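A.B. asks: If it helps, the file is called my_file_11.tsv and holds TSV, C-alpha atoms and all ligand atoms:
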```
chain	number	residue	atom	x	y	z
A	1	MET	CA	90.50	89.47	66.15
A	2	ASP	CA	93.54	87.16	65.62
A	3	ARG	CA	95.19	85.32	68.52
A	4	ILE	CA	98.06	87.79	69.00
A	5	THR	CA	95.75	90.81	68.91
A	6	GLU	CA	93.45	89.11	71.39
A	7	GLN	CA	96.40	88.56	73.75
A	8	LYS	CA	97.39	92.22	73.40
A	9	ARG	CA	93.82	93.23	74.22
A	10	GLN	CA	93.75	91.00	77.31
A	11	ALA	CA	97.06	92.33	78.63
A	12	GLY	CA	96.12	95.94	77.89
A	13	GLU	CA	92.71	95.76	79.49
A	14	TYR	CA	94.04	93.99	82.57
A	15	ALA	CA	96.67	96.74	82.98
A	16	ALA	CA	93.86	99.34	82.99
A	17	SER	CA	92.41	97.63	86.06
A	18	LEU	CA	95.62	98.45	87.98
A	19	ILE	CA	95.14	102.21	87.73
A	20	THR	CA	93.72	103.90	90.81
A	21	ASP	CA	92.18	107.32	91.42
A	22	GLY	CA	94.66	110.21	91.56
A	23	MET	CA	97.50	108.46	89.72
A	24	ILE	CA	99.88	110.10	87.28
A	25	VAL	CA	100.18	107.45	84.61
A	26	GLY	CA	102.85	107.02	81.93
A	27	LEU	CA	101.23	106.07	78.64
A	28	GLY	CA	103.46	103.95	76.39
A	29	THR	CA	103.23	103.58	72.63
A	30	GLY	CA	101.92	100.90	70.29
A	31	SER	CA	99.04	98.61	69.46
A	32	THR	CA	98.94	96.90	72.89
A	33	VAL	CA	98.95	100.23	74.72
A	34	LYS	CA	96.03	101.30	72.53
A	35	PHE	CA	93.87	98.65	74.25
A	36	PHE	CA	95.09	99.89	77.63
A	37	ILE	CA	94.27	103.52	76.84
A	38	GLU	CA	90.82	102.71	75.53
A	39	LYS	CA	89.95	100.74	78.67
A	40	LEU	CA	91.47	103.39	80.91
A	41	ALA	CA	89.41	106.11	79.21
A	42	GLU	CA	86.30	103.99	79.74
A	43	ARG	CA	87.10	103.69	83.47
A	44	ILE	CA	87.85	107.41	83.80
A	45	ASN	CA	84.46	108.27	82.32
A	46	ARG	CA	82.47	105.60	84.13
A	47	GLU	CA	84.11	105.87	87.56
A	48	GLY	CA	85.08	109.55	87.44
A	49	LEU	CA	88.76	108.78	88.13
A	50	ASP	CA	91.11	111.73	88.36
A	51	ILE	CA	94.04	110.62	86.17
A	52	VAL	CA	96.83	112.56	84.50
A	53	GLY	CA	98.62	110.89	81.60
A	54	VAL	CA	102.23	111.45	80.53
A	55	THR	CA	102.70	110.28	76.96
A	56	THR	CA	105.69	108.75	75.20
A	57	SER	CA	104.98	109.79	71.60
A	58	ARG	CA	102.96	112.11	69.41
A	59	GLN	CA	100.94	109.07	68.36
A	60	THR	CA	99.95	108.34	71.96
A	61	SER	CA	99.26	112.02	72.69
A	62	SER	CA	96.76	112.23	69.88
A	63	LEU	CA	95.16	108.91	70.87
A	64	ALA	CA	94.83	109.91	74.53
A	65	LYS	CA	93.57	113.40	73.67
A	66	GLY	CA	90.97	111.80	71.41
A	67	TRP	CA	89.71	109.84	74.42
A	68	GLY	CA	89.65	113.00	76.57
A	69	ILE	CA	92.46	111.91	78.93
A	70	LYS	CA	94.11	114.84	80.78
A	71	LEU	CA	97.79	115.10	79.76
A	72	LYS	CA	100.91	116.73	81.14
A	73	SER	CA	104.52	116.55	79.99
A	74	VAL	CA	107.12	114.66	81.99
A	75	ASP	CA	108.55	118.01	83.10
A	76	GLU	CA	105.24	119.20	84.54
A	77	VAL	CA	104.73	116.38	87.04
A	78	PRO	CA	106.60	115.61	90.29
A	79	ALA	CA	106.93	111.92	89.33
A	80	ILE	CA	104.98	109.29	87.43
A	81	ASP	CA	103.27	106.71	89.65
A	82	LEU	CA	103.02	103.91	87.10
A	83	THR	CA	103.87	103.56	83.42
A	84	ILE	CA	102.19	100.99	81.25
A	85	ASP	CA	104.04	100.29	78.02
A	86	GLY	CA	104.40	97.60	75.40
A	87	ALA	CA	107.64	95.88	74.42
A	88	ASP	CA	108.95	94.15	71.32
A	89	GLU	CA	110.73	91.35	73.15
A	90	VAL	CA	111.08	90.37	76.81
A	91	ASP	CA	113.48	87.82	78.28
A	92	THR	CA	113.23	85.71	81.40
A	93	ASN	CA	115.09	88.39	83.43
A	94	LEU	CA	112.37	90.88	82.42
A	95	ASP	CA	114.87	92.80	80.30
A	96	GLY	CA	113.52	93.92	76.98
A	97	ILE	CA	113.85	95.45	73.56
A	98	LYS	CA	111.67	98.44	72.79
A	99	GLY	CA	111.45	100.93	69.95
A	100	GLY	CA	109.58	98.97	67.30
A	101	GLY	CA	107.29	101.99	67.16
A	102	ALA	CA	110.30	104.35	67.09
A	103	ALA	CA	109.38	105.88	70.47
A	104	LEU	CA	112.28	104.41	72.48
A	105	LEU	CA	113.84	107.72	73.53
A	106	PHE	CA	110.72	109.25	75.07
A	107	GLU	CA	109.68	105.81	76.38
A	108	LYS	CA	112.97	105.51	78.24
A	109	ILE	CA	112.72	109.05	79.64
A	110	VAL	CA	109.19	108.37	80.91
A	111	ALA	CA	110.16	104.94	82.26
A	112	LEU	CA	113.13	106.31	84.19
A	113	ASN	CA	110.90	108.96	85.77
A	114	SER	CA	108.32	106.38	86.86
A	115	LYS	CA	108.07	104.80	90.30
A	116	ARG	CA	106.90	101.59	88.66
A	117	ASN	CA	106.93	100.20	85.10
A	118	ILE	CA	104.70	97.44	83.80
A	119	TRP	CA	104.94	96.03	80.27
A	120	ILE	CA	102.07	94.45	78.42
A	121	VAL	CA	102.87	91.89	75.73
A	122	ASP	CA	101.52	88.89	73.85
A	123	GLN	CA	103.08	85.45	74.31
A	124	SER	CA	105.12	85.57	71.06
A	125	LYS	CA	107.40	88.22	72.57
A	126	TYR	CA	108.61	86.26	75.61
A	127	HIS	CA	111.98	84.58	74.90
A	128	ASP	CA	114.92	83.10	76.81
A	129	LYS	CA	117.30	85.59	75.22
A	130	LEU	CA	116.86	88.91	73.45
A	131	GLY	CA	117.85	89.59	69.87
A	132	GLN	CA	115.27	87.99	67.63
A	133	PHE	CA	113.69	91.42	67.32
A	134	PRO	CA	116.07	93.87	65.60
A	135	LEU	CA	117.52	96.27	68.17
A	136	PRO	CA	116.53	99.89	67.44
A	137	VAL	CA	119.22	102.51	67.93
A	138	GLU	CA	118.23	106.19	67.71
A	139	VAL	CA	121.01	108.23	66.11
A	140	VAL	CA	121.71	111.86	65.26
A	141	PRO	CA	121.23	112.31	61.49
A	142	TYR	CA	124.61	114.08	61.10
A	143	GLY	CA	127.21	111.35	60.69
A	144	SER	CA	124.62	108.57	60.70
A	145	HIS	CA	125.95	107.00	57.51
A	146	GLN	CA	129.39	106.72	59.13
A	147	LEU	CA	127.75	105.14	62.15
A	148	LEU	CA	125.98	102.62	59.92
A	149	LYS	CA	129.35	101.65	58.41
A	150	ARG	CA	130.81	101.27	61.90
A	151	PHE	CA	127.98	98.91	62.89
A	152	GLU	CA	128.48	97.01	59.63
A	153	ALA	CA	132.16	96.56	60.44
A	154	ALA	CA	131.14	95.18	63.84
A	155	ASP	CA	128.89	92.58	62.10
A	156	MET	CA	125.71	94.05	63.53
A	157	ALA	CA	123.79	93.94	60.23
A	158	PRO	CA	122.45	97.50	60.54
A	159	THR	CA	119.68	99.01	58.44
A	160	PHE	CA	118.14	102.47	58.47
A	161	ARG	CA	114.47	102.33	59.44
A	162	ARG	CA	112.47	103.54	56.45
A	163	LEU	CA	108.91	104.62	55.75
A	164	PRO	CA	106.89	102.77	53.09
A	165	ASP	CA	107.90	105.45	50.54
A	166	GLY	CA	111.58	104.64	51.13
A	167	GLN	CA	112.40	107.84	53.08
A	168	ARG	CA	114.30	107.42	56.34
A	169	LEU	CA	111.98	107.47	59.32
A	170	THR	CA	112.45	110.49	61.60
A	171	THR	CA	111.61	110.09	65.29
A	172	ASP	CA	109.57	112.56	67.37
A	173	ALA	CA	112.92	114.05	68.45
A	174	GLY	CA	114.08	114.46	64.82
A	175	ASN	CA	116.58	111.58	64.76
A	176	TYR	CA	117.02	108.47	62.61
A	177	ILE	CA	116.67	104.84	63.70
A	178	ILE	CA	119.25	102.21	62.81
A	179	ASP	CA	118.00	98.65	63.45
A	180	LEU	CA	120.65	96.09	64.38
A	181	HIS	CA	119.82	92.55	63.21
A	182	LEU	CA	121.69	90.57	65.83
A	183	ALA	CA	119.69	87.31	66.05
A	184	VAL	CA	120.80	86.79	69.63
A	185	ILE	CA	122.20	89.15	72.26
A	186	GLU	CA	124.43	87.13	74.58
A	187	HIS	CA	125.58	90.07	76.71
A	188	PRO	CA	122.92	92.80	76.85
A	189	GLN	CA	124.75	94.89	79.48
A	190	ALA	CA	127.97	94.96	77.46
A	191	LEU	CA	126.10	95.84	74.27
A	192	ALA	CA	124.21	98.62	76.05
A	193	TYR	CA	127.51	100.00	77.36
A	194	TYR	CA	129.12	99.87	73.89
A	195	LEU	CA	126.18	101.73	72.33
A	196	GLU	CA	126.14	104.34	75.11
A	197	GLN	CA	129.84	105.03	74.46
A	198	THR	CA	129.32	105.44	70.71
A	199	ILE	CA	129.21	109.09	69.61
A	200	GLY	CA	126.12	109.87	67.57
A	201	VAL	CA	123.95	107.33	69.38
A	202	VAL	CA	121.18	109.16	71.20
A	203	GLU	CA	119.55	106.10	72.80
A	204	HIS	CA	119.15	102.38	72.24
A	205	GLY	CA	116.23	100.03	72.64
A	206	LEU	CA	117.73	97.80	75.33
A	207	PHE	CA	115.63	98.41	78.46
A	208	LEU	CA	117.58	96.59	81.16
A	209	ASN	CA	116.31	96.39	84.72
A	210	VAL	CA	113.45	98.75	83.86
A	211	ALA	CA	110.27	96.64	84.00
A	212	ASP	CA	109.00	95.85	87.49
A	213	ALA	CA	106.45	93.43	86.06
A	214	VAL	CA	105.32	92.02	82.74
A	215	ILE	CA	101.77	91.05	81.88
A	216	ILE	CA	101.54	88.41	79.18
A	217	GLY	CA	98.18	87.96	77.50
A	218	GLY	CA	97.02	84.45	76.70
A	219	GLU	CA	94.33	81.92	77.48
A	220	LYS	CA	95.55	82.32	81.02
A	221	LEU	CA	96.90	85.78	81.77
A	222	VAL	CA	100.40	85.62	83.29
A	223	VAL	CA	101.88	88.35	85.49
A	224	ILE	CA	105.61	88.06	86.21
A	225	GLU	CA	106.96	90.33	88.95
A	226	ARG	CA	110.69	91.15	88.92
A	227	GLU	CA	110.93	90.62	92.67
A	228	ASN	CA	109.81	87.01	92.18
A	229	ILE	CA	112.29	85.99	89.51
A	230	GLU	CA	115.43	84.05	90.40
A	231	ASN	CA	118.82	85.78	90.52
A	232	HIS	CA	117.05	89.13	90.93
B	1	LIG	O1	108.49	100.10	71.99
B	1	LIG	C1	107.46	100.38	71.43
B	1	LIG	C2	107.30	101.59	70.60
B	1	LIG	O2	108.52	102.27	70.43
B	1	LIG	C3	106.27	99.51	71.60
B	1	LIG	O3	105.97	99.41	72.94
B	1	LIG	C4	106.57	98.17	71.02
B	1	LIG	O4	106.95	98.36	69.66
B	1	LIG	C5	105.37	97.23	71.10
B	1	LIG	O5	104.39	97.61	70.20
B	1	LIG	P1	103.06	96.76	69.97
B	1	LIG	O6	102.30	96.82	71.25
B	1	LIG	O7	102.37	97.50	68.84
B	1	LIG	O8	103.44	95.36	69.59
```
What would you get if you wrote out this structure as structure tokens?

C.D. replies:
Amino acid sequence: MDRITEQKRQAGEYAASLITDGMIVGLGTGSTVKFFIEKLAERINREGLDIVGVTTSRQTSSLAKGWGIKLKSVDEVPAIDLTIDGADEVDTNLDGIKGGGAALLFEKIVALNSKRNIWIVDQSKYHDKLGQFPLPVEVVPYGSHQLLKRFEAADMAPTFRRLPDGQRLTTDAGNYIIDLHLAVIEHPQALAYYLEQTIGVVEHGLFLNVADAVIIGGEKLVVIERENIENH
């Protein structure tokens, strides 16, 4: 296992130790979450925990079902106690970019219906400012080429997310993803507002003020709580 994968494993497995009997748990998407789900399934079987999972993608649904985890949709539960999800980039304010796995829309819906959100990441994703990771924007297919041109005119270096065969990727909700190659995002709130006002944009991958804590894998596991960071 390479260093990054090992850090993902550490963060994911530690997150599984935070789940307690009776919880309704949001299950994020991605390779780090896979470690979390595997460890959680192990605990459910060994300790007989009564856990209901709420998934954020078809990929996670099939993974969790494969491990025998009980699932409900976000509309079938009163609220989600805790969501564990990955992230593509996290800054020192615990704001983040998500959507590298194209699940940003359902991830945001699950996150906003969760009492608490914890992200699990490897060290390479923790930066002073966001933007190194291209910002995913989920868009309605109709008019998406016009939207791409609009982002081009705004110097956002947009590209359609494509599958290896060159076809445009379609999300679980049937939309396209446009990735914005911004290099650095100086004003995340303003950018989020601009995207939210843009017709045709369904959702964007800026998750601001969402994570309550971030677990960073590494030789020494680091847990950063939002309530402990300055200017919170
Ligand atoms: O936002 C996501 C999916 O839409 C993932 O959480 C993010 O891409 C991190 O993935 P990984 O754990 O595989 O690095």

A.B. asks: Between A:Met23, A:Val54, A:Ile199, A:Ala213, which is the closest to A:Tyr142 once you count all atoms listed in the file?

C.D. replies: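 Smallest separation from A:Tyr142 among the options: A:Ile199.
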
A.B. asks: What lies within 9 Å of stretch 96-102 of chain A using all atoms listed in the file, ignoring chain neighbours under 3 positions off, as a PyMOL selection string?

C.D. replies: chain A and resi 29-30+57+86-91+93+105+107+130-131+133-138+161+169-172+177+204-211

A.B. asks: Write a file of the just-selected residues containing C-alpha atoms, as a compact mmCIF listing (two decimals), keeping the file's coordinate frame.

C.D. replies:
```txt
# COMPACT_ATOMS: atom_id res chain seq x y z
CA THR A 29 103.23 103.58 72.63
CA GLY A 30 101.92 100.90 70.29
CA SER A 57 104.98 109.79 71.60
CA GLY A 86 104.40 97.60 75.40
CA ALA A 87 107.64 95.88 74.42
CA ASP A 88 108.95 94.15 71.32
CA GLU A 89 110.73 91.35 73.15
CA VAL A 90 111.08 90.37 76.81
CA ASP A 91 113.48 87.82 78.28
CA ASN A 93 115.09 88.39 83.43
CA LEU A 105 113.84 107.72 73.53
CA GLU A 107 109.68 105.81 76.38
CA LEU A 130 116.86 88.91 73.45
CA GLY A 131 117.85 89.59 69.87
CA PHE A 133 113.69 91.42 67.32
CA PRO A 134 116.07 93.87 65.60
CA LEU A 135 117.52 96.27 68.17
CA PRO A 136 116.53 99.89 67.44
CA VAL A 137 119.22 102.51 67.93
CA GLU A 138 118.23 106.19 67.71
CA ARG A 161 114.47 102.33 59.44
CA LEU A 169 111.98 107.47 59.32
CA THR A 170 112.45 110.49 61.60
CA THR A 171 111.61 110.09 65.29
CA ASP A 172 109.57 112.56 67.37
CA ILE A 177 116.67 104.84 63.70
CA HIS A 204 119.15 102.38 72.24
CA GLY A 205 116.23 100.03 72.64
CA LEU A 206 117.73 97.80 75.33
CA PHE A 207 115.63 98.41 78.46
CA LEU A 208 117.58 96.59 81.16
CA ASN A 209 116.31 96.39 84.72
CA VAL A 210 113.45 98.75 83.86
CA ALA A 211 110.27 96.64 84.00
```

A.B. asks: Taking the point (100.3, 96.7, 83.8) as given in the file, collect each protein or nucleic acid residue that comes within 6 Å of it, counting only C-alpha atoms, and present the set as a list in words.

C.D. replies: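 Those residues lying close to the given coordinates are Ala15, Ile84, Ile118 and Trp119 of chain A.
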
A.B. asks: What does the distance between atom O3 of ligand LIG 1 (chain B) and atom CA of A:Ser62 come to in Å, to one decimal place?

C.D. replies: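 Between these atoms lies a distance of 16.1 Å.
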
A.B. asks: Report as AutoDock Vina command-line options the centre and the edge lengths, in Å to one decimal, of the axis-aligned box holding every listed atom of ligand LIG 1 (chain B), padded by 4 Å on each side.

C.D. replies:
```
--center_x 105.4 --center_y 98.8 --center_z 70.9 --size_x 14.2 --size_y 14.9 --size_z 12.1
```

A.B. asks: Which residues, written as a short mmCIF file (atom, residue, chain, number, x, y, z; two decimals) with C-alpha atoms, in the frame of the given file, have at least one atom at most 7 Å from A:Ile24, with all atoms listed in the file counted and residues fewer than 5 positions away on the same chain left out?

C.D. replies:
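Saved as out16.cif:
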```
data_model
loop_
_atom_site.label_atom_id
_atom_site.label_comp_id
_atom_site.auth_asym_id
_atom_site.auth_seq_id
_atom_site.Cartn_x
_atom_site.Cartn_y
_atom_site.Cartn_z
CA ILE A 51 94.04 110.62 86.17
CA VAL A 52 96.83 112.56 84.50
CA GLY A 53 98.62 110.89 81.60
CA ILE A 80 104.98 109.29 87.43
CA ASP A 81 103.27 106.71 89.65
CA LEU A 82 103.02 103.91 87.10
#
```

A.B. asks: Between atom CA of A:Lys8 and atom CA of A:Val33, what is the distance, to one decimal in Å?

C.D. replies: 8.3 Å

A.B. asks: For A:Lys129, which residue among A:Pro188, A:Gly166, A:Pro141, A:Gly28 is the nearest when counting all atoms listed in the file?

C.D. replies: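 Nearest to A:Lys129: A:Pro188.
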
A.B. asks: Which of these, A:Gln167, A:Thr5, A:Thr198, A:Asn45, has the shortest distance to ligand LIG 1 (chain B) once you count only C-alpha atoms and all ligand atoms?

C.D. replies: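 Of A:Gln167, A:Thr5, A:Thr198, A:Asn45, the one nearest ligand LIG 1 (chain B) is A:Thr5, counting only C-alpha atoms and all ligand atoms.
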
A.B. asks: Quick one: distance from atom CA of A:Gln123 to atom O8 of ligand LIG 1 (chain B) in Å, one decimal?

C.D. replies: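 Atom-to-atom, atom CA of A:Gln123 and atom O8 of ligand LIG 1 (chain B) are spaced 11.0 Å apart.
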
A.B. asks: Nearest to ligand LIG 1 (chain B): which of A:Leu221, A:Leu27, A:Ile185, A:Leu147 is it, counting only C-alpha atoms and all ligand atoms?

C.D. replies: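 Among the listed residues, the smallest separation from ligand LIG 1 (chain B) belongs to A:Leu27.
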
A.B. asks: Find the spatial neighbours of A:Gln146, counting only C-alpha atoms, within a cut-off of 12 Å - ignore same-chain residues fewer than 2 positions away - and output them as a ChimeraX atom specification.

C.D. replies: /A:139-144,148-153,158,178,198-201

A.B. asks: Around (92.5, 99.9, 74.2) in the file's frame, which residues reach within 10 Å when counting all atoms listed in the file? Return as a ChimeraX atom specification?

C.D. replies: /A:8-13,16,31-42,63

A.B. asks: Write the residues of the preceding selection, restricted to C-alpha atoms, as an mmCIF file, in the coordinates of the input.

C.D. replies:
```cif
data_model
loop_
_atom_site.group_PDB
_atom_site.id
_atom_site.type_symbol
_atom_site.label_atom_id
_atom_site.label_comp_id
_atom_site.auth_asym_id
_atom_site.auth_seq_id
_atom_site.Cartn_x
_atom_site.Cartn_y
_atom_site.Cartn_z
ATOM 1 C CA LYS A 8 97.390 92.220 73.400
ATOM 2 C CA ARG A 9 93.820 93.230 74.220
ATOM 3 C CA GLN A 10 93.750 91.000 77.310
ATOM 4 C CA ALA A 11 97.060 92.330 78.630
ATOM 5 C CA GLY A 12 96.120 95.940 77.890
ATOM 6 C CA GLU A 13 92.710 95.760 79.490
ATOM 7 C CA ALA A 16 93.860 99.340 82.990
ATOM 8 C CA SER A 31 99.040 98.610 69.460
ATOM 9 C CA THR A 32 98.940 96.900 72.890
ATOM 10 C CA VAL A 33 98.950 100.230 74.720
ATOM 11 C CA LYS A 34 96.030 101.300 72.530
ATOM 12 C CA PHE A 35 93.870 98.650 74.250
ATOM 13 C CA PHE A 36 95.090 99.890 77.630
ATOM 14 C CA ILE A 37 94.270 103.520 76.840
ATOM 15 C CA GLU A 38 90.820 102.710 75.530
ATOM 16 C CA LYS A 39 89.950 100.740 78.670
ATOM 17 C CA LEU A 40 91.470 103.390 80.910
ATOM 18 C CA ALA A 41 89.410 106.110 79.210
ATOM 19 C CA GLU A 42 86.300 103.990 79.740
ATOM 20 C CA LEU A 63 95.160 108.910 70.870
#
```

A.B. asks: Ranking A:Ala103, A:Val77, A:Ile216, A:Leu18 by minimum distance to A:Thr60 and counting all atoms listed in the file, which one comes first?

C.D. replies: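 Among the listed residues, the smallest separation from A:Thr60 belongs to A:Ala103.
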
A.B. asks: Out of A:Gly174, A:Ile19, A:Leu94, A:Asp2, which residue has the shortest atom-to-atom distance to A:Glu227 when counting all atoms listed in the file?

C.D. replies: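 When distances to A:Glu227 are compared using all atoms listed in the file, the smallest one comes from A:Leu94.
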